[in-house]
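Engineer: So I've got this file, final_4.tsv, and it contains TSV, C-alpha atoms:
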chain	number	residue	atom	x	y	z
A	717	MET	CA	0.00	0.00	0.00
A	718	SER	CA	1.51	3.34	-0.92
A	719	ASP	CA	1.44	6.28	1.44
A	720	VAL	CA	-0.89	7.96	-1.05
A	721	ALA	CA	-3.41	5.13	-0.86
A	722	VAL	CA	-3.31	5.20	2.92
A	723	ALA	CA	-3.81	8.94	3.02
A	724	HIS	CA	-6.71	8.91	0.56
A	725	ALA	CA	-8.61	5.79	1.41
A	726	GLY	CA	-7.68	5.61	5.09
A	727	VAL	CA	-6.94	1.93	4.56
A	728	GLN	CA	-4.38	0.31	6.79
A	729	PRO	CA	-1.59	-1.50	4.92
A	730	ALA	CA	-1.57	-5.24	5.36
A	731	GLU	CA	0.85	-6.28	8.05
A	732	THR	CA	2.68	-9.49	7.39
A	733	PRO	CA	6.21	-10.46	8.26
A	734	LEU	CA	7.08	-9.75	4.65
A	735	THR	CA	5.57	-6.27	4.43
A	736	PRO	CA	8.41	-3.82	4.64
A	737	GLU	CA	8.01	-0.43	6.30
A	738	ASN	CA	9.53	1.05	3.22
A	739	TRP	CA	8.88	-0.43	-0.24
A	740	GLY	CA	11.56	1.72	-1.78
A	741	LYS	CA	14.14	0.24	0.56
A	742	LEU	CA	13.04	-3.29	-0.30
A	743	GLY	CA	13.26	-2.43	-3.98
A	744	MET	CA	16.78	-1.08	-3.61
A	745	TRP	CA	17.90	-4.16	-1.70
A	746	LEU	CA	16.48	-6.40	-4.42
A	747	PHE	CA	18.31	-4.37	-7.06
A	748	LEU	CA	21.54	-4.59	-5.05
A	749	ALA	CA	21.14	-8.36	-4.73
A	750	GLY	CA	21.03	-8.62	-8.52
A	751	ASP	CA	23.90	-6.19	-8.97
A	752	ALA	CA	25.91	-8.20	-6.46
A	753	MET	CA	25.44	-11.23	-8.70
A	754	SER	CA	26.78	-9.26	-11.69
A	755	PHE	CA	29.89	-8.21	-9.80
A	756	GLY	CA	30.15	-11.68	-8.29
A	757	ALA	CA	30.17	-13.27	-11.72
A	758	LEU	CA	32.86	-10.85	-12.93
A	759	ILE	CA	35.06	-11.38	-9.89
A	760	VAL	CA	34.73	-15.17	-9.95
A	761	GLY	CA	35.43	-15.19	-13.69
A	762	TYR	CA	38.50	-13.06	-13.08
A	763	GLY	CA	39.63	-15.46	-10.35
A	764	ILE	CA	39.33	-18.48	-12.61
A	765	LEU	CA	41.17	-16.85	-15.52
A	766	ARG	CA	43.93	-15.71	-13.22
A	767	HIS	CA	44.29	-19.02	-11.45
A	768	ARG	CA	44.57	-20.97	-14.69
A	769	SER	CA	47.06	-18.61	-16.25
A	770	MET	CA	50.74	-19.49	-16.24
A	771	ASP	CA	52.15	-16.00	-16.53
A	772	TRP	CA	49.89	-13.66	-14.58
A	773	PRO	CA	51.92	-10.70	-13.31
A	774	VAL	CA	52.00	-9.75	-9.63
A	775	PRO	CA	49.48	-6.89	-9.42
A	776	ALA	CA	51.46	-5.00	-6.77
A	777	GLU	CA	54.31	-4.73	-9.26
A	778	VAL	CA	52.23	-3.39	-12.14
A	779	LEU	CA	49.59	-1.31	-10.39
A	780	GLY	CA	50.03	1.55	-7.95
A	781	ILE	CA	48.52	0.12	-4.80
A	782	ASN	CA	49.34	3.17	-2.71
A	783	LEU	CA	47.11	5.38	-4.82
A	784	THR	CA	44.46	2.68	-4.74
A	785	ALA	CA	44.73	2.45	-0.96
A	786	PHE	CA	43.99	6.18	-0.87
A	787	MET	CA	41.03	5.62	-3.20
A	788	THR	CA	39.75	2.94	-0.82
A	789	PHE	CA	40.05	5.42	2.03
A	790	LEU	CA	38.13	7.99	-0.06
A	791	LEU	CA	35.17	5.69	-0.61
A	792	ILE	CA	35.11	4.55	3.00
A	793	VAL	CA	35.14	8.11	4.31
A	794	SER	CA	32.48	9.18	1.81
A	795	SER	CA	30.34	6.27	3.07
A	796	VAL	CA	30.76	7.62	6.61
A	797	TRP	CA	29.78	11.10	5.42
A	798	MET	CA	26.73	9.65	3.68
A	799	VAL	CA	25.53	7.85	6.81
A	800	LEU	CA	26.15	11.02	8.85
A	801	SER	CA	24.13	13.05	6.34
A	802	LEU	CA	21.28	10.57	6.74
A	803	ALA	CA	21.48	10.79	10.55
A	804	ALA	CA	21.44	14.59	10.32
A	805	LEU	CA	18.34	14.60	8.13
A	806	GLN	CA	16.61	12.12	10.42
A	807	ASP	CA	17.27	14.59	13.25
A	808	GLY	CA	15.77	17.32	11.07
A	809	ASP	CA	19.06	19.18	10.58
A	810	LYS	CA	18.90	20.12	6.91
A	811	ALA	CA	22.01	22.29	6.95
A	812	LYS	CA	24.11	19.46	8.40
A	813	PHE	CA	22.62	17.08	5.86
A	814	LYS	CA	23.70	19.38	3.03
A	815	LYS	CA	27.21	19.66	4.44
A	816	PHE	CA	27.74	15.91	4.72
A	817	MET	CA	25.97	15.06	1.48
A	818	GLY	CA	28.12	17.65	-0.27
A	819	LEU	CA	31.20	15.99	1.19
A	820	THR	CA	29.97	12.57	0.06
A	821	ILE	CA	29.57	13.84	-3.50
A	822	LEU	CA	33.01	15.43	-3.33
A	823	GLY	CA	34.51	12.15	-2.11
A	824	GLY	CA	32.93	10.33	-5.04
A	825	LEU	CA	34.22	12.88	-7.53
A	826	LEU	CA	37.72	12.67	-6.07
A	827	PHE	CA	37.61	8.89	-6.35
A	828	LEU	CA	36.66	9.16	-10.03
A	829	GLY	CA	39.40	11.72	-10.57
A	830	CYS	CA	41.98	9.40	-9.04
A	831	GLN	CA	40.73	6.53	-11.13
A	832	ALA	CA	40.94	8.62	-14.30
A	833	TYR	CA	44.51	9.52	-13.39
A	834	GLU	CA	45.34	5.88	-12.61
A	835	TRP	CA	43.90	4.68	-15.91
A	836	THR	CA	45.66	7.35	-17.95
A	837	HIS	CA	48.96	6.57	-16.30
A	838	LEU	CA	48.53	2.85	-16.88
A	839	ILE	CA	47.49	3.17	-20.52
A	840	ASN	CA	50.05	5.78	-21.52
A	841	HIS	CA	53.05	4.75	-19.45
A	842	ARG	CA	53.06	1.72	-17.18
A	843	LEU	CA	51.50	-0.89	-19.44
A	844	PRO	CA	53.44	-0.08	-22.63
A	845	GLU	CA	56.59	0.11	-20.49
A	846	LEU	CA	56.01	-3.45	-19.34
A	847	GLY	CA	55.00	-4.58	-22.79
A	848	TYR	CA	51.29	-5.09	-22.13
A	849	SER	CA	48.46	-4.02	-24.38
A	850	PHE	CA	44.71	-4.59	-24.37
A	851	SER	CA	45.00	-7.53	-26.72
A	852	SER	CA	48.09	-9.13	-25.25
A	853	HIS	CA	47.10	-10.35	-21.83
A	854	LEU	CA	43.93	-11.12	-19.89
A	855	PHE	CA	45.41	-9.30	-16.90
A	856	VAL	CA	44.81	-6.04	-18.75
A	857	THR	CA	41.32	-6.94	-19.95
A	858	THR	CA	40.06	-8.14	-16.59
A	859	PHE	CA	41.55	-5.14	-14.80
A	860	PHE	CA	39.80	-2.57	-16.98
A	861	VAL	CA	36.50	-4.49	-17.14
A	862	LEU	CA	36.32	-4.84	-13.35
A	863	THR	CA	37.45	-1.33	-12.42
A	864	GLY	CA	35.51	0.18	-15.31
A	865	PHE	CA	32.27	-1.57	-14.41
A	866	HIS	CA	32.74	-0.40	-10.83
A	867	GLY	CA	33.70	3.11	-11.91
A	868	MET	CA	30.47	3.31	-13.91
A	869	HIS	CA	28.58	2.47	-10.74
A	870	VAL	CA	30.40	5.20	-8.85
A	871	THR	CA	29.56	7.70	-11.58
A	872	GLY	CA	25.90	6.73	-11.43
A	873	GLY	CA	26.04	7.00	-7.65
A	874	VAL	CA	27.51	10.50	-7.75
A	875	ILE	CA	24.77	11.65	-10.15
A	876	TYR	CA	22.13	9.96	-7.95
A	877	ASN	CA	23.52	11.70	-4.86
A	878	ILE	CA	23.51	15.09	-6.62
A	879	CYS	CA	19.85	14.57	-7.54
A	880	VAL	CA	18.96	13.57	-3.97
A	881	PHE	CA	20.85	16.59	-2.62
A	882	ALA	CA	18.87	18.89	-4.90
A	883	ALA	CA	15.55	17.19	-4.18
A	884	VAL	CA	15.97	17.39	-0.40
A	885	SER	CA	17.03	21.02	-0.67
A	886	ARG	CA	13.82	21.77	-2.56
A	887	GLY	CA	11.79	19.88	0.03
A	888	ARG	CA	10.68	17.11	-2.33
A	889	TYR	CA	12.64	14.26	-0.74
A	890	GLU	CA	12.92	13.14	2.88
A	891	ALA	CA	15.15	11.00	5.07
A	892	LYS	CA	13.80	7.74	3.70
A	893	HIS	CA	14.87	8.69	0.18
A	894	VAL	CA	18.33	9.53	1.43
A	895	GLU	CA	18.45	6.17	3.18
A	896	ILE	CA	17.78	4.39	-0.11
A	897	ALA	CA	20.48	6.38	-1.90
A	898	GLY	CA	22.77	5.55	1.01
A	899	LEU	CA	22.21	1.84	0.48
A	900	TYR	CA	23.39	2.15	-3.13
A	901	TRP	CA	26.43	4.20	-2.15
A	902	HIS	CA	27.48	1.76	0.59
A	903	PHE	CA	27.08	-1.10	-1.88
A	904	VAL	CA	29.47	0.63	-4.29
A	905	ASP	CA	31.94	1.04	-1.41
A	906	LEU	CA	31.55	-2.61	-0.45
A	907	VAL	CA	32.22	-3.82	-3.99
A	908	TRP	CA	35.32	-1.64	-4.16
A	909	ILE	CA	36.61	-3.21	-0.92
A	910	LEU	CA	36.34	-6.60	-2.64
A	911	ILE	CA	37.85	-5.44	-5.94
A	912	PHE	CA	40.70	-3.71	-4.10
A	913	THR	CA	41.47	-6.96	-2.27
A	914	PHE	CA	41.25	-9.39	-5.17
A	915	VAL	CA	42.58	-7.32	-8.07
A	916	TYR	CA	45.18	-5.10	-6.42
A	917	LEU	CA	46.38	-6.78	-3.26
A	918	LEU	CA	46.24	-10.51	-3.86
B	202	MET	CA	10.05	4.98	10.93
B	203	THR	CA	13.33	3.11	10.73
B	204	THR	CA	14.87	1.56	13.80
B	205	GLU	CA	17.37	4.12	15.07
B	206	ALA	CA	19.98	2.28	17.04
B	207	HIS	CA	23.10	4.17	15.99
B	208	SER	CA	24.67	7.36	17.14
B	209	THR	CA	27.15	9.48	15.25
B	210	SER	CA	30.02	8.33	17.44
B	211	ALA	CA	29.27	4.70	16.60
B	212	TYR	CA	29.63	5.49	12.88
B	213	ILE	CA	32.94	7.25	13.51
B	214	LYS	CA	34.21	4.24	15.47
B	215	ILE	CA	33.33	1.93	12.56
B	216	PHE	CA	35.20	4.30	10.24
B	217	TRP	CA	38.37	4.09	12.33
B	218	LEU	CA	38.11	0.30	12.37
B	219	LEU	CA	37.72	0.25	8.57
B	220	LEU	CA	40.71	2.57	8.19
B	221	VAL	CA	42.92	0.42	10.44
B	222	LEU	CA	41.89	-2.74	8.59
B	223	THR	CA	42.73	-1.12	5.23
B	224	ILE	CA	46.17	-0.04	6.47
B	225	VAL	CA	46.84	-3.55	7.82
B	226	GLU	CA	45.75	-5.06	4.49
B	227	VAL	CA	48.15	-2.92	2.48
B	228	ALA	CA	50.95	-3.51	5.01
B	229	ILE	CA	50.76	-7.30	4.85
B	230	VAL	CA	51.10	-7.23	1.06
B	231	TYR	CA	54.57	-5.77	1.49
B	232	MET	CA	55.56	-8.37	4.06
B	233	GLY	CA	56.40	-11.13	1.62
B	234	LEU	CA	54.25	-13.81	3.20
B	235	PRO	CA	53.60	-17.20	1.60
B	236	LYS	CA	50.84	-16.90	-1.02
B	237	MET	CA	48.27	-19.09	0.75
B	238	LEU	CA	48.64	-17.24	4.04
B	239	LEU	CA	48.43	-13.84	2.35
B	240	ALA	CA	45.32	-14.91	0.44
B	241	GLY	CA	43.66	-16.23	3.58
B	242	LEU	CA	44.39	-13.09	5.59
B	243	LEU	CA	43.28	-10.71	2.82
B	244	VAL	CA	40.02	-12.59	2.29
B	245	PHE	CA	39.42	-12.55	6.05
B	246	PHE	CA	39.98	-8.79	6.28
B	247	ALA	CA	37.94	-8.07	3.15
B	248	VAL	CA	34.97	-10.05	4.44
B	249	TRP	CA	35.27	-8.31	7.83
B	250	LYS	CA	35.25	-4.87	6.21
B	251	ALA	CA	32.38	-5.78	3.90
B	252	ALA	CA	30.38	-7.08	6.88
B	253	LEU	CA	31.03	-3.85	8.82
B	254	VAL	CA	29.74	-1.73	5.91
B	255	ALA	CA	26.74	-4.00	5.37
B	256	MET	CA	25.78	-4.37	9.03
B	257	HIS	CA	26.30	-0.83	10.24
B	258	PHE	CA	26.27	1.62	7.34
B	259	MET	CA	23.60	-0.30	5.45
B	260	HIS	CA	21.85	-0.89	8.77
B	261	LEU	CA	21.33	-4.62	8.23
B	262	LYS	CA	21.95	-5.36	11.88
B	263	PHE	CA	18.81	-3.46	12.77
B	264	GLU	CA	16.51	-4.51	9.97
B	265	LYS	CA	13.85	-7.20	9.84
B	266	LYS	CA	15.36	-10.61	9.23
B	267	THR	CA	13.63	-11.01	5.86
B	268	LEU	CA	15.67	-8.10	4.51
B	269	ALA	CA	18.86	-9.75	5.72
B	270	MET	CA	17.84	-12.86	3.79
B	271	ILE	CA	17.75	-10.85	0.56
B	272	ALA	CA	21.25	-9.64	1.29
B	273	ILE	CA	22.63	-13.07	2.24
B	274	VAL	CA	21.35	-14.91	-0.85
B	275	PRO	CA	23.80	-13.38	-3.39
B	276	PHE	CA	26.68	-14.19	-1.08
B	277	VAL	CA	25.55	-17.82	-0.81
B	278	LEU	CA	25.01	-18.00	-4.57
B	279	CYS	CA	28.50	-16.65	-5.26
B	280	VAL	CA	30.04	-19.30	-3.02
B	281	PHE	CA	27.93	-21.86	-4.88
B	282	LEU	CA	29.18	-20.43	-8.18
B	283	ILE	CA	32.79	-20.86	-7.12
B	284	LEU	CA	32.14	-24.43	-5.97
B	285	MET	CA	30.39	-25.32	-9.23
B	286	LEU	CA	33.28	-23.92	-11.23
B	287	LEU	CA	35.97	-25.81	-9.33
B	288	PRO	CA	36.21	-28.54	-12.01
B	289	ASP	CA	37.12	-25.78	-14.48
B	290	ILE	CA	39.80	-24.43	-12.16
B	291	TYR	CA	41.28	-27.82	-11.37
B	292	PRO	CA	40.54	-30.08	-14.34
B	293	ARG	CA	41.73	-33.67	-14.10
Please rewrite the model in this file as C-alpha cells.
Structural biologist:
Amino acid sequence: MSDVAVAHAGVQPAETPLTPENWGKLGMWLFLAGDAMSFGALIVGYGILRHRSMDWPVPAEVLGINLTAFMTFLLIVSSVWMVLSLAALQDGDKAKFKKFMGLTILGGLLFLGCQAYEWTHLINHRLPELGYSFSSHLFVTTFFVLTGFHGMHVTGGVIYNICVFAAVSRGRYEAKHVEIAGLYWHFVDLVWILIFTFVYLL
Amino acid sequence: MTTEAHSTSAYIKIFWLLLVLTIVEVAIVYMGLPKMLLAGLLVFFAVWKAALVAMHFMHLKFEKKTLAMIAIVPFVLCVFLILMLLPDIYPR
C-alpha cells in the first residue's frame, strides 16, 4: 500500500512479516542483490582466468597500490559522510545534511578523478613500459573491465547523490529517500573493498 | 520509521576500524608472506570490512530478518558459483 493510498482511502496496509516499512528500501535491496550477482560473476570469472594462467603478473608490481589504498580510504570516508548526512536529516538538521551530502559527492568525484589519473597513467606509461596491451594479456582486460564496471557504478552513484541533494534542498525528498540512496552508495563502497582486495592486493 | 539504534560516534568508530583494517591489508602485502597465508588473511579482512559496511552503514543489523535474507542470498550464490566452477579451475 503506498502512502498515497493510505492517506486517501484511510486503509491500513496489510501487516505481514514480509511487508516492509519502506517499499523503496526493499526495492533497492532487491536491485543490489542482482547487482551483487553481476559483480560476483565478474570477480569469480576473473579469479578463474587468473588461477589458470601461467604468466599472470604480480598486481602490486604493475599497479600503484598506494594510490588505490587512498582511493579505498576515499570511498570509506564518503560512506561515513553519507551515513552522517542521513542521521542529520533524520534529526531534522537540513544544513548538516547538506554539508555531509556535499562531502559525500566530493569524495565520489575525487575517487573518479583518481581513477581517471590511474587509468591514464597505466594506458600511456606503465602498461606499454612493461609490454602489455589490451590484446596481449587477460590481466589487462580483466583489470579494466572490473574497475571500469565499478567506476560506472560510482559515476551513477555521484549523479544519484547530486539529484537527492537537490531534491531534499527543494523539500521534495525526505530522510527515507536519502536512506535508499545511502544503500546504493554503501554497496558501491563494499564492492570496491572486494575489488581492491582481489585485483590489487592478492 | 526506521529503527534508530546508531549514534554518530558509533559510525565514527566503525570508520576508524575500517581505516585500520585497510592499512593492515596494504601492510601485509609488502611483508612477503607465503601466497596461501596472504590470500587467507586478505580474504578474512575483506569479508570483515564488507560485513562492517553491510551491518552498520547499510543498517542490516537493525533490519527485519527477511531483509537480511535478501542480502545473504547473493553471497551464498557466489560461493555456490565458485564451488560449481571448481572442475574448471582444477581439471583432471
Engineer: Which chain A residues are at most 8 Å from chain B (counting all atoms listed in the file), as an MDAnalysis selection string?
Structural biologist: chainID A and resid 733:734 737 742 745:746 749:750 752:753 756:757 760 764 767:768 781 785 788:789 792:793 795:796 799:800 803 898:899 902:903 906 909:910 913 917:918
Engineer: Kindly indicate which residue among A:Leu791, A:Leu802, A:Val774, A:Ala811 lies nearest to Lys892 of chain A, using only C-alpha atoms for the distances.
Structural biologist: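 The answer is A:Leu802, which sits nearest to Lys892 of chain A.
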Engineer: Between atom CA of Phe850 of chain A and atom CA of Gly872 of chain A, what is the distance in Å, rounded to a tenth?
Structural biologist: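 A separation of 25.5 Å between them.
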Engineer: For the atom pair atom CA of Met798 of chain A and atom CA of Thr836 of chain A, what is the interatomic distance in Å to one decimal place?
Structural biologist: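 A separation of 28.8 Å between them.
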Engineer: To one decimal place in Å, what is the distance between atom CA of Lys815 of chain A and atom CA of Gly873 of chain A?
Structural biologist: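 Computing the Euclidean distance for atom CA of Lys815 of chain A and atom CA of Gly873 of chain A yields 17.5 Å.
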Engineer: Near Val856 of chain A, within 10 Å and counting only C-alpha atoms, which residues show up once chain neighbours fewer than 6 positions away are dropped, as a list in words?
Structural biologist: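 Once the nearby chain positions are removed, what remains is Leu838, Ile839, Leu843, Tyr848, Ser849 and Phe850 of chain A.
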Engineer: Taking (30.8, 11.9, -0.4) in the file's coordinates, which residues come within 8 Å, counting only C-alpha atoms, written as an NGL selection string?
Structural biologist: :A and (791 or 793-795 or 797-798 or 816-825)
Engineer: Counting all atoms listed in the file, note down every residue that has an atom within 10 Å of the point (14.8, 7.3, -0.7) (file coordinates), as a list in words.
Structural biologist: Asn738, Trp739, Gly740, Lys741, Met744, Val880, Tyr889, Glu890, Ala891, Lys892, His893, Val894, Glu895, Ile896, Ala897, Gly898 and Leu899 of chain A
Engineer: Please determine an axis-aligned box that encloses all atoms of segment 743-760 of chain A listed in the file, with 4 Å added on each side, and express its centre and edge lengths in Å to one decimal as lines of an AutoDock Vina configuration file.
Structural biologist:
center_x = 24.2
center_y = -8.1
center_z = -7.3
size_x = 29.8
size_y = 22.1
size_z = 19.2
Engineer: Which residue out of A:Leu846, A:Leu790, A:Ala832, A:Leu862 has the minimum interatomic distance to Tyr916 of chain A when all atoms listed in the file are used?
Structural biologist: A:Leu862
Engineer: Which one is closest to Thr871 of chain A: A:Tyr762, A:Phe786, A:Phe813, A:Trp901? Count all atoms listed in the file.
Structural biologist: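 Using all atoms listed in the file, the shortest distance to Thr871 of chain A belongs to A:Trp901.
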